[in-house]
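This report concerns only the one structure given below.
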Amino acid sequence: MVPMLEVTLQKRLDGFMLDVAFIAANELVVLFGPSGAGKSLTLQAIAGTIHPDAGRIVIDNQIVYDSEQHLDLPPQVRRVGYVPQHYALFPHLTAAANIGFGLAHLSRAEREQRVQDMVTLFDLQGLTHRRPRELSGGQQQRVALARALAVRPRLLLLDEPFAALDLALRESLREELAQVQARTGITVVMVTHDLTDAFALGHRILVYEAGRVIQHGTREEVFFHPATRHVAELVGTRNILPAVVERSDGVTLWMRWQGHQIAVLAHALTPGTLVELCIRPTQILIVRPDRLAERERVNLLSGTLVREQMHGETYLLSLRVDGSPAASDLEIALPAYVYHRLALDTDKRVTVELRQQALHVMGGKDGGQGTGDRGQ
Amino acid sequence: MERLFWLSLLPLVLLVGLLALPLLSIFLRVLPHDGIWETVQQPIVTEALRLSFLTSLSSTLFALLCGTPVAYLLARSRFRGAALLDTLIDLPMVLPPTVAGVALLMTFGRRGILGTWLDVVGVHISFTPVAVILAQSFVSAPFYIRAARAGFQSVDQDLERVAYTLGHSPLRTFFQVTIPLAFPALLSGAVMAWARALGEFGATIMFAGNLMGRTQTMPLAIYAAMESDLTAALVLSAMLIVVSFSVLFGVRLLLHRSPYGAYA
């Protein structure tokens, strides 16, 4: 893999320290995390519109910033496409003039040809004479992408590209962005705090928290194997169970949670270690009483359904496990048809299975699995 | 809603009366007058018109040239002493113009801290049209700078950043993005500054004196004419009212129709 982008940077702001490092190559990398974590600052440092305190930024084998060499190329020569939040279209120019804004160095004919190519690529025919405020949110976003790509940048930086759009539009534009990326093969670094955007688009995901990258991996690694409780919470994991390691036989590791014994796949953890188990609400199986003996089952827990919420096609249930306090209620998500077929209801007693493959262990001495620092 | 309307009617009548009646009274005295045209052709009127026109435009141009970079600096950068500079620029707006006049005399007057040196090389500023321009600039430039700063602040910095990444130099970005977007604010600021310069009286009479054809602008001519020729004073006043009203109203209409006025 020849990296298109290498970033190491430190920047101190009042009461905040940005300190990150990553690489990217012909893929879509998502910087994911809460607002104020330093994601947008990272994009601006790559674009060259802020000056880091230290570090090194290499784009396509060209060093554009190196604090040791006192090198800091201005944004004008970095050839990076930058689309800030809310797109920053020039309100006094038409869509066509916006798209052609960075092409002043070309001849008139070339410029017009390039703008026309972009108009075709982004399906903006008939809108070229409109000003930004006469365009819908989705059209504005396409003009902004066209403007950034018209100059044939080496890299595309997108800051919250879907934040201002409604749900239906988001989905189609996500699809469009994925296609543009796949077709052009351009390296994209996209900032988002939206979980769905991050996992729908990101080939790799960097989880940001307070100026640092707390996990770096493929989307599957980050989603199913969060490195820490914090990442788990950020990626929307709902069932995080504090447990103690009891014993191991090399194949299975037994833990104790709220007095219940839980078996997970073997880890290099010594008895007595405090860990956190997590399991996604969709991965908890409700076992029908008549099928209990169907096969060998592990980690069976019984309890009472104490709450339910309907989210369209999905039901969210809270299970109060027998002998456990309310704070340890397990969250279960299941499709509406399953909910109805099992004739579930609040106050109903059920048995669930926590399958070993679905249980993920975090913490402990080895720092948990799936930290995914392969890119480093 | 209706009650609110009736409740605000009395203050409205009072306020409009207070503002409009005195202005109207000038026209009521001037219009029935015989020989208005003769009065207009008197040197005291024509000279004042010429001088006011030249000096107010010069001081506005000065405010534009020096005030625009300062306003941009104040709008965009955080630096030590910004608050101090800000206050300094606002100061002439609240000071009595007579204080400005004294201050200018103490600087550029024959015994002023700069004037002494200028005197040596044979340059005399006080009691010349240049002094009028200086006095007008002193009191009117802050109006422009304030408006321009607000205008520049309202231009999203992301627009400038994007322009940089698209290869545009800061200067080019300033002229192609920032100025066009701040234009309504710059224009109304310039017009306010010009109107203030046109009406300048106190600082001018202190620093530049009241010499017809040399430093006697319209407001000074009105003051002078009140003692000798009331008609000339009335005519000049009426002219100032008409010109100021037309320009302010015109700019308002223009900005309202501006295609991107909503973004300023």
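Here, A, B, ... name the chains of the structure tokens in the order displayed, residue numbers run from 1 inside each chain, and ligands are numbered from 1 in the same displayed order.
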Name all residues at most 8 Å from A:Lys39 (count only C-alpha atoms; drop same-chain ones fewer than 5 positions away) and give them as a count of residues only. 6
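Using only C-alpha atoms, the chain B residues found within 10 Å of chain A amount to Asp156, Gln157, Asp158, Leu159, Glu160, Arg161, Val162, Ala163, Tyr164, Thr165, Leu166, Gly167, His168, Ser169, Pro170, Gln176, Val177, Thr178, Pro180, Leu181, Pro259, Tyr260, Gly261, Ala262 and Tyr263 of chain B.
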Step one, run DSSP on the backbone; step two, keep only residues of stretch 194-289 of chain A assigned to helix (DSSP H, G or I); then write them as a VMD selection string. chain A and resid 195 to 201 219 to 224 229 to 234 281 to 283 289
Tell me which protein, DNA and RNA residues are within 10 Å of B:Gly199, counting only C-alpha atoms, leaving out same-chain ones fewer than 6 positions away, and put them as a PyMOL selection string. chain B and resi 52+56+136+140+193+217-220+240+244
Find the residues near A:His360: any atom within 12 Å, counting only C-alpha atoms, skip ones fewer than 2 places away on the same chain, and give them as a PDB file with N, CA, C and O atoms, in the first residue's frame.
```pdb
ATOM      1  N   GLU A 221     -13.844  -3.882  12.672  1.00  0.00           N
ATOM      2  CA  GLU A 221     -13.083  -3.933  13.925  1.00  0.00           C
ATOM      3  C   GLU A 221     -13.631  -2.931  14.942  1.00  0.00           C
ATOM      4  O   GLU A 221     -13.841  -3.258  16.103  1.00  0.00           O
ATOM      5  N   VAL A 222     -13.854  -1.720  14.467  1.00  0.00           N
ATOM      6  CA  VAL A 222     -14.297  -0.689  15.398  1.00  0.00           C
ATOM      7  C   VAL A 222     -15.713  -0.982  15.894  1.00  0.00           C
ATOM      8  O   VAL A 222     -16.022  -0.826  17.072  1.00  0.00           O
ATOM      9  N   PHE A 223     -16.551  -1.449  14.987  1.00  0.00           N
ATOM     10  CA  PHE A 223     -17.951  -1.646  15.338  1.00  0.00           C
ATOM     11  C   PHE A 223     -18.142  -2.849  16.269  1.00  0.00           C
ATOM     12  O   PHE A 223     -18.825  -2.755  17.276  1.00  0.00           O
ATOM     13  N   PHE A 224     -17.496  -3.959  15.924  1.00  0.00           N
ATOM     14  CA  PHE A 224     -17.733  -5.174  16.707  1.00  0.00           C
ATOM     15  C   PHE A 224     -16.695  -5.393  17.792  1.00  0.00           C
ATOM     16  O   PHE A 224     -16.915  -6.176  18.708  1.00  0.00           O
ATOM     17  N   HIS A 225     -15.541  -4.775  17.656  1.00  0.00           N
ATOM     18  CA  HIS A 225     -14.497  -4.981  18.661  1.00  0.00           C
ATOM     19  C   HIS A 225     -13.951  -3.651  19.162  1.00  0.00           C
ATOM     20  O   HIS A 225     -12.779  -3.343  18.976  1.00  0.00           O
ATOM     21  N   PRO A 226     -14.795  -2.849  19.775  1.00  0.00           N
ATOM     22  CA  PRO A 226     -14.297  -1.572  20.288  1.00  0.00           C
ATOM     23  C   PRO A 226     -13.180  -1.809  21.298  1.00  0.00           C
ATOM     24  O   PRO A 226     -13.238  -2.760  22.085  1.00  0.00           O
ATOM     25  N   ALA A 227     -12.168  -0.979  21.246  1.00  0.00           N
ATOM     26  CA  ALA A 227     -10.986  -1.209  22.076  1.00  0.00           C
ATOM     27  C   ALA A 227     -11.250  -0.894  23.542  1.00  0.00           C
ATOM     28  O   ALA A 227     -10.680  -1.522  24.419  1.00  0.00           O
ATOM     29  N   THR A 228     -12.060   0.102  23.768  1.00  0.00           N
ATOM     30  CA  THR A 228     -12.304   0.490  25.157  1.00  0.00           C
ATOM     31  C   THR A 228     -13.792   0.716  25.362  1.00  0.00           C
ATOM     32  O   THR A 228     -14.561   0.808  24.395  1.00  0.00           O
ATOM     33  N   ARG A 229     -14.154   0.820  26.629  1.00  0.00           N
ATOM     34  CA  ARG A 229     -15.543   1.091  26.959  1.00  0.00           C
ATOM     35  C   ARG A 229     -15.992   2.379  26.263  1.00  0.00           C
ATOM     36  O   ARG A 229     -17.115   2.509  25.795  1.00  0.00           O
ATOM     37  N   ALA A 232     -16.733   1.822  22.725  1.00  0.00           N
ATOM     38  CA  ALA A 232     -17.964   1.036  22.685  1.00  0.00           C
ATOM     39  C   ALA A 232     -19.172   1.951  22.818  1.00  0.00           C
ATOM     40  O   ALA A 232     -20.155   1.841  22.079  1.00  0.00           O
ATOM     41  N   THR A 237     -22.697   0.894  21.410  1.00  0.00           N
ATOM     42  CA  THR A 237     -22.869  -0.381  22.096  1.00  0.00           C
ATOM     43  C   THR A 237     -23.691  -0.141  23.357  1.00  0.00           C
ATOM     44  O   THR A 237     -23.400   0.787  24.109  1.00  0.00           O
ATOM     45  N   ASN A 239     -24.950  -2.793  25.684  1.00  0.00           N
ATOM     46  CA  ASN A 239     -24.773  -3.693  26.826  1.00  0.00           C
ATOM     47  C   ASN A 239     -23.300  -3.827  27.163  1.00  0.00           C
ATOM     48  O   ASN A 239     -22.560  -4.515  26.491  1.00  0.00           O
ATOM     49  N   ILE A 240     -22.878  -3.101  28.182  1.00  0.00           N
ATOM     50  CA  ILE A 240     -21.485  -3.180  28.620  1.00  0.00           C
ATOM     51  C   ILE A 240     -21.501  -3.731  30.042  1.00  0.00           C
ATOM     52  O   ILE A 240     -22.047  -3.114  30.953  1.00  0.00           O
ATOM     53  N   LEU A 241     -20.944  -4.947  30.190  1.00  0.00           N
ATOM     54  CA  LEU A 241     -21.088  -5.663  31.456  1.00  0.00           C
ATOM     55  C   LEU A 241     -19.731  -5.782  32.156  1.00  0.00           C
ATOM     56  O   LEU A 241     -18.836  -6.452  31.648  1.00  0.00           O
ATOM     57  N   PRO A 242     -19.558  -5.153  33.320  1.00  0.00           N
ATOM     58  CA  PRO A 242     -18.310  -5.303  34.055  1.00  0.00           C
ATOM     59  C   PRO A 242     -18.230  -6.721  34.636  1.00  0.00           C
ATOM     60  O   PRO A 242     -19.163  -7.159  35.309  1.00  0.00           O
ATOM     61  N   ALA A 243     -17.133  -7.427  34.359  1.00  0.00           N
ATOM     62  CA  ALA A 243     -17.041  -8.825  34.801  1.00  0.00           C
ATOM     63  C   ALA A 243     -15.634  -9.115  35.330  1.00  0.00           C
ATOM     64  O   ALA A 243     -14.712  -8.323  35.106  1.00  0.00           O
ATOM     65  N   ILE A 262     -20.348 -16.534  32.851  1.00  0.00           N
ATOM     66  CA  ILE A 262     -20.409 -16.284  31.411  1.00  0.00           C
ATOM     67  C   ILE A 262     -19.152 -16.879  30.785  1.00  0.00           C
ATOM     68  O   ILE A 262     -18.044 -16.629  31.252  1.00  0.00           O
ATOM     69  N   ALA A 263     -19.352 -17.669  29.718  1.00  0.00           N
ATOM     70  CA  ALA A 263     -18.200 -18.262  29.035  1.00  0.00           C
ATOM     71  C   ALA A 263     -17.941 -17.496  27.750  1.00  0.00           C
ATOM     72  O   ALA A 263     -18.851 -17.217  26.982  1.00  0.00           O
ATOM     73  N   VAL A 264     -16.673 -17.130  27.544  1.00  0.00           N
ATOM     74  CA  VAL A 264     -16.321 -16.467  26.282  1.00  0.00           C
ATOM     75  C   VAL A 264     -15.159 -17.216  25.639  1.00  0.00           C
ATOM     76  O   VAL A 264     -14.534 -18.070  26.271  1.00  0.00           O
ATOM     77  N   LEU A 265     -14.859 -16.891  24.384  1.00  0.00           N
ATOM     78  CA  LEU A 265     -13.737 -17.534  23.715  1.00  0.00           C
ATOM     79  C   LEU A 265     -12.447 -17.126  24.434  1.00  0.00           C
ATOM     80  O   LEU A 265     -12.349 -16.015  24.959  1.00  0.00           O
ATOM     81  N   ALA A 266     -11.467 -18.012  24.423  1.00  0.00           N
ATOM     82  CA  ALA A 266     -10.275 -17.837  25.247  1.00  0.00           C
ATOM     83  C   ALA A 266      -9.535 -16.536  24.936  1.00  0.00           C
ATOM     84  O   ALA A 266      -9.449 -16.085  23.798  1.00  0.00           O
ATOM     85  N   HIS A 267      -9.014 -15.905  25.978  1.00  0.00           N
ATOM     86  CA  HIS A 267      -8.195 -14.710  25.900  1.00  0.00           C
ATOM     87  C   HIS A 267      -7.024 -14.919  26.825  1.00  0.00           C
ATOM     88  O   HIS A 267      -7.102 -15.691  27.754  1.00  0.00           O
ATOM     89  N   VAL A 275     -12.665  -6.942  33.649  1.00  0.00           N
ATOM     90  CA  VAL A 275     -12.836  -6.659  32.224  1.00  0.00           C
ATOM     91  C   VAL A 275     -14.248  -6.122  31.984  1.00  0.00           C
ATOM     92  O   VAL A 275     -15.070  -6.060  32.897  1.00  0.00           O
ATOM     93  N   GLU A 276     -14.481  -5.719  30.754  1.00  0.00           N
ATOM     94  CA  GLU A 276     -15.846  -5.354  30.365  1.00  0.00           C
ATOM     95  C   GLU A 276     -16.252  -6.202  29.176  1.00  0.00           C
ATOM     96  O   GLU A 276     -15.523  -6.304  28.195  1.00  0.00           O
ATOM     97  N   LEU A 277     -17.406  -6.818  29.314  1.00  0.00           N
ATOM     98  CA  LEU A 277     -17.943  -7.613  28.224  1.00  0.00           C
ATOM     99  C   LEU A 277     -18.933  -6.746  27.495  1.00  0.00           C
ATOM    100  O   LEU A 277     -19.642  -5.961  28.116  1.00  0.00           O
ATOM    101  N   CYS A 278     -18.974  -6.888  26.182  1.00  0.00           N
ATOM    102  CA  CYS A 278     -20.103  -6.195  25.553  1.00  0.00           C
ATOM    103  C   CYS A 278     -20.726  -7.048  24.475  1.00  0.00           C
ATOM    104  O   CYS A 278     -20.094  -7.923  23.890  1.00  0.00           O
ATOM    105  N   ILE A 279     -21.997  -6.806  24.276  1.00  0.00           N
ATOM    106  CA  ILE A 279     -22.759  -7.542  23.268  1.00  0.00           C
ATOM    107  C   ILE A 279     -23.796  -6.578  22.704  1.00  0.00           C
ATOM    108  O   ILE A 279     -24.436  -5.829  23.438  1.00  0.00           O
ATOM    109  N   ARG A 280     -23.927  -6.556  21.384  1.00  0.00           N
ATOM    110  CA  ARG A 280     -24.864  -5.619  20.768  1.00  0.00           C
ATOM    111  C   ARG A 280     -26.289  -6.109  20.973  1.00  0.00           C
ATOM    112  O   ARG A 280     -26.534  -7.320  21.003  1.00  0.00           O
ATOM    113  N   GLN A 283     -27.612  -8.905  18.944  1.00  0.00           N
ATOM    114  CA  GLN A 283     -26.921 -10.194  18.987  1.00  0.00           C
ATOM    115  C   GLN A 283     -27.403 -11.076  20.131  1.00  0.00           C
ATOM    116  O   GLN A 283     -26.930 -12.191  20.298  1.00  0.00           O
ATOM    117  N   LEU A 354     -26.401 -15.621  25.369  1.00  0.00           N
ATOM    118  CA  LEU A 354     -25.333 -14.719  24.935  1.00  0.00           C
ATOM    119  C   LEU A 354     -24.285 -15.586  24.240  1.00  0.00           C
ATOM    120  O   LEU A 354     -23.479 -16.234  24.894  1.00  0.00           O
ATOM    121  N   ARG A 355     -24.377 -15.649  22.933  1.00  0.00           N
ATOM    122  CA  ARG A 355     -23.474 -16.533  22.205  1.00  0.00           C
ATOM    123  C   ARG A 355     -22.036 -16.069  22.345  1.00  0.00           C
ATOM    124  O   ARG A 355     -21.756 -14.875  22.353  1.00  0.00           O
ATOM    125  N   GLN A 356     -21.143 -17.051  22.429  1.00  0.00           N
ATOM    126  CA  GLN A 356     -19.729 -16.725  22.655  1.00  0.00           C
ATOM    127  C   GLN A 356     -19.158 -15.838  21.561  1.00  0.00           C
ATOM    128  O   GLN A 356     -18.403 -14.918  21.831  1.00  0.00           O
ATOM    129  N   GLN A 357     -19.530 -16.118  20.296  1.00  0.00           N
ATOM    130  CA  GLN A 357     -18.975 -15.340  19.184  1.00  0.00           C
ATOM    131  C   GLN A 357     -19.420 -13.884  19.253  1.00  0.00           C
ATOM    132  O   GLN A 357     -18.777 -13.002  18.693  1.00  0.00           O
ATOM    133  N   ALA A 358     -20.570 -13.649  19.911  1.00  0.00           N
ATOM    134  CA  ALA A 358     -21.115 -12.287  19.945  1.00  0.00           C
ATOM    135  C   ALA A 358     -20.566 -11.471  21.099  1.00  0.00           C
ATOM    136  O   ALA A 358     -20.720 -10.257  21.132  1.00  0.00           O
ATOM    137  N   MET A 362     -13.386  -6.356  26.585  1.00  0.00           N
ATOM    138  CA  MET A 362     -12.560  -5.147  26.546  1.00  0.00           C
ATOM    139  C   MET A 362     -11.826  -5.004  27.871  1.00  0.00           C
ATOM    140  O   MET A 362     -12.290  -5.474  28.902  1.00  0.00           O
ATOM    141  N   GLY A 363     -10.711  -4.300  27.830  1.00  0.00           N
ATOM    142  CA  GLY A 363      -9.957  -4.033  29.050  1.00  0.00           C
ATOM    143  C   GLY A 363      -9.080  -5.209  29.418  1.00  0.00           C
ATOM    144  O   GLY A 363      -8.760  -6.057  28.585  1.00  0.00           O
ATOM    145  N   GLY A 368      -7.246  -5.448  25.587  1.00  0.00           N
ATOM    146  CA  GLY A 368      -8.377  -5.865  24.762  1.00  0.00           C
ATOM    147  C   GLY A 368      -7.937  -6.195  23.362  1.00  0.00           C
ATOM    148  O   GLY A 368      -6.818  -5.939  22.951  1.00  0.00           O
ATOM    149  N   GLN A 369      -8.832  -6.783  22.629  1.00  0.00           N
ATOM    150  CA  GLN A 369      -8.497  -7.133  21.261  1.00  0.00           C
ATOM    151  C   GLN A 369      -9.038  -6.093  20.302  1.00  0.00           C
ATOM    152  O   GLN A 369      -9.806  -5.229  20.680  1.00  0.00           O
ATOM    153  N   GLY A 370      -8.582  -6.185  19.067  1.00  0.00           N
ATOM    154  CA  GLY A 370      -9.178  -5.377  18.022  1.00  0.00           C
ATOM    155  C   GLY A 370      -8.824  -3.909  18.103  1.00  0.00           C
ATOM    156  O   GLY A 370      -9.588  -3.064  17.670  1.00  0.00           O
TER     157      GLY A 370
END
```
What is the distance between atom CA of B:Ile125 and atom CA of B:Ala100, in Å to one decimal? 15.2 Å
Please list as a PyMOL selection string every residue within 9 Å of B:Ile36, counting only C-alpha atoms and excluding residues in the same chain fewer than 3 positions away. chain B and resi 30-31+33+39-41+231-232+235
10 Å contact set for B:Leu61, only C-alpha atoms, chain neighbours under 2 positions out, as a ChimeraX atom specification: /B:55-59,63-67,137,141,190,193-194
Quick one: write out the picked residues with N, CA, C and O atoms as a PDB file, in the first residue's frame?
```
ATOM      1  N   THR B  55     -14.234  68.283  -0.419  1.00  0.00           N
ATOM      2  CA  THR B  55     -13.643  67.807   0.843  1.00  0.00           C
ATOM      3  C   THR B  55     -14.321  66.542   1.345  1.00  0.00           C
ATOM      4  O   THR B  55     -13.642  65.620   1.798  1.00  0.00           O
ATOM      5  N   SER B  56     -15.659  66.488   1.240  1.00  0.00           N
ATOM      6  CA  SER B  56     -16.334  65.304   1.793  1.00  0.00           C
ATOM      7  C   SER B  56     -15.976  64.063   0.978  1.00  0.00           C
ATOM      8  O   SER B  56     -15.793  62.978   1.534  1.00  0.00           O
ATOM      9  N   LEU B  57     -15.842  64.219  -0.337  1.00  0.00           N
ATOM     10  CA  LEU B  57     -15.444  63.064  -1.141  1.00  0.00           C
ATOM     11  C   LEU B  57     -13.998  62.660  -0.835  1.00  0.00           C
ATOM     12  O   LEU B  57     -13.686  61.465  -0.739  1.00  0.00           O
ATOM     13  N   SER B  58     -13.120  63.660  -0.646  1.00  0.00           N
ATOM     14  CA  SER B  58     -11.731  63.344  -0.337  1.00  0.00           C
ATOM     15  C   SER B  58     -11.625  62.597   0.999  1.00  0.00           C
ATOM     16  O   SER B  58     -10.899  61.612   1.120  1.00  0.00           O
ATOM     17  N   SER B  59     -12.363  63.077   2.001  1.00  0.00           N
ATOM     18  CA  SER B  59     -12.240  62.424   3.305  1.00  0.00           C
ATOM     19  C   SER B  59     -12.855  61.025   3.259  1.00  0.00           C
ATOM     20  O   SER B  59     -12.382  60.101   3.924  1.00  0.00           O
ATOM     21  N   ALA B  63     -10.978  57.578   4.066  1.00  0.00           N
ATOM     22  CA  ALA B  63     -11.506  56.554   4.985  1.00  0.00           C
ATOM     23  C   ALA B  63     -11.521  55.186   4.316  1.00  0.00           C
ATOM     24  O   ALA B  63     -11.172  54.172   4.931  1.00  0.00           O
ATOM     25  N   LEU B  64     -11.893  55.150   3.031  1.00  0.00           N
ATOM     26  CA  LEU B  64     -11.938  53.875   2.308  1.00  0.00           C
ATOM     27  C   LEU B  64     -10.545  53.256   2.196  1.00  0.00           C
ATOM     28  O   LEU B  64     -10.355  52.071   2.482  1.00  0.00           O
ATOM     29  N   LEU B  65      -9.587  54.087   1.801  1.00  0.00           N
ATOM     30  CA  LEU B  65      -8.242  53.560   1.539  1.00  0.00           C
ATOM     31  C   LEU B  65      -7.559  53.096   2.826  1.00  0.00           C
ATOM     32  O   LEU B  65      -6.944  52.025   2.856  1.00  0.00           O
ATOM     33  N   CYS B  66      -7.655  53.907   3.874  1.00  0.00           N
ATOM     34  CA  CYS B  66      -6.969  53.535   5.116  1.00  0.00           C
ATOM     35  C   CYS B  66      -7.847  52.651   5.996  1.00  0.00           C
ATOM     36  O   CYS B  66      -7.346  51.799   6.729  1.00  0.00           O
ATOM     37  N   GLY B  67      -9.173  52.871   5.939  1.00  0.00           N
ATOM     38  CA  GLY B  67     -10.061  52.163   6.853  1.00  0.00           C
ATOM     39  C   GLY B  67     -10.293  50.716   6.472  1.00  0.00           C
ATOM     40  O   GLY B  67     -10.482  49.853   7.347  1.00  0.00           O
ATOM     41  N   SER B 137     -12.168  63.695   8.100  1.00  0.00           N
ATOM     42  CA  SER B 137     -11.705  62.303   8.215  1.00  0.00           C
ATOM     43  C   SER B 137     -11.694  61.854   9.672  1.00  0.00           C
ATOM     44  O   SER B 137     -12.114  60.745  10.004  1.00  0.00           O
ATOM     45  N   ALA B 141     -14.296  58.848   9.588  1.00  0.00           N
ATOM     46  CA  ALA B 141     -13.718  57.533   9.275  1.00  0.00           C
ATOM     47  C   ALA B 141     -14.229  56.428  10.204  1.00  0.00           C
ATOM     48  O   ALA B 141     -14.476  55.304   9.748  1.00  0.00           O
ATOM     49  N   ALA B 190     -19.583  53.599   3.912  1.00  0.00           N
ATOM     50  CA  ALA B 190     -18.978  54.730   3.205  1.00  0.00           C
ATOM     51  C   ALA B 190     -19.960  55.886   3.103  1.00  0.00           C
ATOM     52  O   ALA B 190     -19.594  57.056   3.267  1.00  0.00           O
ATOM     53  N   ALA B 193     -20.229  57.583   6.438  1.00  0.00           N
ATOM     54  CA  ALA B 193     -19.037  58.400   6.669  1.00  0.00           C
ATOM     55  C   ALA B 193     -19.100  59.670   5.834  1.00  0.00           C
ATOM     56  O   ALA B 193     -18.799  60.765   6.316  1.00  0.00           O
ATOM     57  N   TRP B 194     -19.547  59.531   4.591  1.00  0.00           N
ATOM     58  CA  TRP B 194     -19.643  60.690   3.715  1.00  0.00           C
ATOM     59  C   TRP B 194     -20.665  61.697   4.259  1.00  0.00           C
ATOM     60  O   TRP B 194     -20.417  62.903   4.310  1.00  0.00           O
TER      61      TRP B 194
END
```
Find the residues around B:Thr107 up to 10 Å (only C-alpha atoms counted), leave out those fewer than 6 positions away in its own chain, and share them as a VMD selection string. chain B and resid 101 113 to 116 126
Run DSSP on the backbone of this structure and report the residues of stretch 233-263 of chain A it assigns to strand (DSSP E), as number ranges by chain. A: 239-248, 252-257, 260-263
I need the chosen residues saved as a compact mmCIF listing (two decimals), in the first residue's frame, with N, CA, C and O atoms.
```txt
# COMPACT_ATOMS: atom_id res chain seq x y z
N ASN A 239 -24.95 -2.79 25.68
CA ASN A 239 -24.77 -3.69 26.83
C ASN A 239 -23.30 -3.83 27.16
O ASN A 239 -22.56 -4.52 26.49
N ILE A 240 -22.88 -3.10 28.18
CA ILE A 240 -21.49 -3.18 28.62
C ILE A 240 -21.50 -3.73 30.04
O ILE A 240 -22.05 -3.11 30.95
N LEU A 241 -20.94 -4.95 30.19
CA LEU A 241 -21.09 -5.66 31.46
C LEU A 241 -19.73 -5.78 32.16
O LEU A 241 -18.84 -6.45 31.65
N PRO A 242 -19.56 -5.15 33.32
CA PRO A 242 -18.31 -5.30 34.06
C PRO A 242 -18.23 -6.72 34.64
O PRO A 242 -19.16 -7.16 35.31
N ALA A 243 -17.13 -7.43 34.36
CA ALA A 243 -17.04 -8.83 34.80
C ALA A 243 -15.63 -9.11 35.33
O ALA A 243 -14.71 -8.32 35.11
N VAL A 244 -15.51 -10.23 36.04
CA VAL A 244 -14.21 -10.65 36.58
C VAL A 244 -13.84 -11.97 35.96
O VAL A 244 -14.67 -12.88 35.86
N VAL A 245 -12.57 -12.11 35.54
CA VAL A 245 -12.11 -13.37 34.97
C VAL A 245 -11.97 -14.40 36.09
O VAL A 245 -11.39 -14.09 37.13
N GLU A 246 -12.53 -15.59 35.89
CA GLU A 246 -12.45 -16.62 36.92
C GLU A 246 -11.42 -17.69 36.58
O GLU A 246 -10.51 -17.96 37.34
N ARG A 247 -11.59 -18.34 35.43
CA ARG A 247 -10.63 -19.38 35.09
C ARG A 247 -10.66 -19.63 33.59
O ARG A 247 -11.58 -19.15 32.89
N SER A 248 -9.63 -20.31 33.12
CA SER A 248 -9.53 -20.57 31.69
C SER A 248 -9.04 -21.98 31.47
O SER A 248 -8.24 -22.49 32.27
N THR A 252 -11.88 -22.00 26.49
CA THR A 252 -12.95 -21.14 27.00
C THR A 252 -12.44 -20.39 28.23
O THR A 252 -11.62 -20.91 28.99
N LEU A 253 -12.95 -19.17 28.35
CA LEU A 253 -12.59 -18.35 29.50
C LEU A 253 -13.89 -18.10 30.25
O LEU A 253 -14.89 -17.71 29.66
N TRP A 254 -13.88 -18.38 31.56
CA TRP A 254 -15.11 -18.17 32.33
C TRP A 254 -15.01 -16.88 33.12
O TRP A 254 -13.97 -16.57 33.71
N MET A 255 -16.09 -16.15 33.10
CA MET A 255 -16.14 -14.89 33.83
C MET A 255 -17.36 -14.89 34.72
O MET A 255 -18.29 -15.67 34.53
N ARG A 256 -17.36 -13.94 35.67
CA ARG A 256 -18.54 -13.79 36.50
C ARG A 256 -19.07 -12.37 36.38
O ARG A 256 -18.34 -11.40 36.48
N TRP A 257 -20.34 -12.31 36.07
CA TRP A 257 -21.01 -11.01 35.97
C TRP A 257 -22.30 -11.08 36.77
O TRP A 257 -23.12 -11.95 36.50
N HIS A 260 -23.63 -14.33 37.69
CA HIS A 260 -23.84 -15.33 36.64
C HIS A 260 -22.51 -15.68 36.01
O HIS A 260 -21.66 -14.82 35.81
N GLN A 261 -22.36 -16.97 35.64
CA GLN A 261 -21.14 -17.37 34.98
C GLN A 261 -21.31 -17.19 33.47
O GLN A 261 -22.32 -17.60 32.89
N ILE A 262 -20.35 -16.53 32.85
CA ILE A 262 -20.41 -16.28 31.41
C ILE A 262 -19.15 -16.88 30.79
O ILE A 262 -18.04 -16.63 31.25
N ALA A 263 -19.35 -17.67 29.72
CA ALA A 263 -18.20 -18.26 29.04
C ALA A 263 -17.94 -17.50 27.75
O ALA A 263 -18.85 -17.22 26.98
```
Expressed in Å to a single decimal, how great is the separation between atom CA of B:Gln216 and atom CA of B:His124?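 Atom CA of B:His124 lies 17.4 Å from atom CA of B:Gln216.
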Pick the closest to A:Ala336 from A:Leu9, A:Leu121, A:Leu317, A:Ala268: which is it, counting only C-alpha atoms?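 For A:Ala336, the nearest of the candidates is A:Leu317.
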In Å to one decimal, how far is atom CA of B:Pro22 from atom CA of B:Phe143?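 Taking atom CA of B:Phe143 and atom CA of B:Pro22, their separation equals 25.5 Å.
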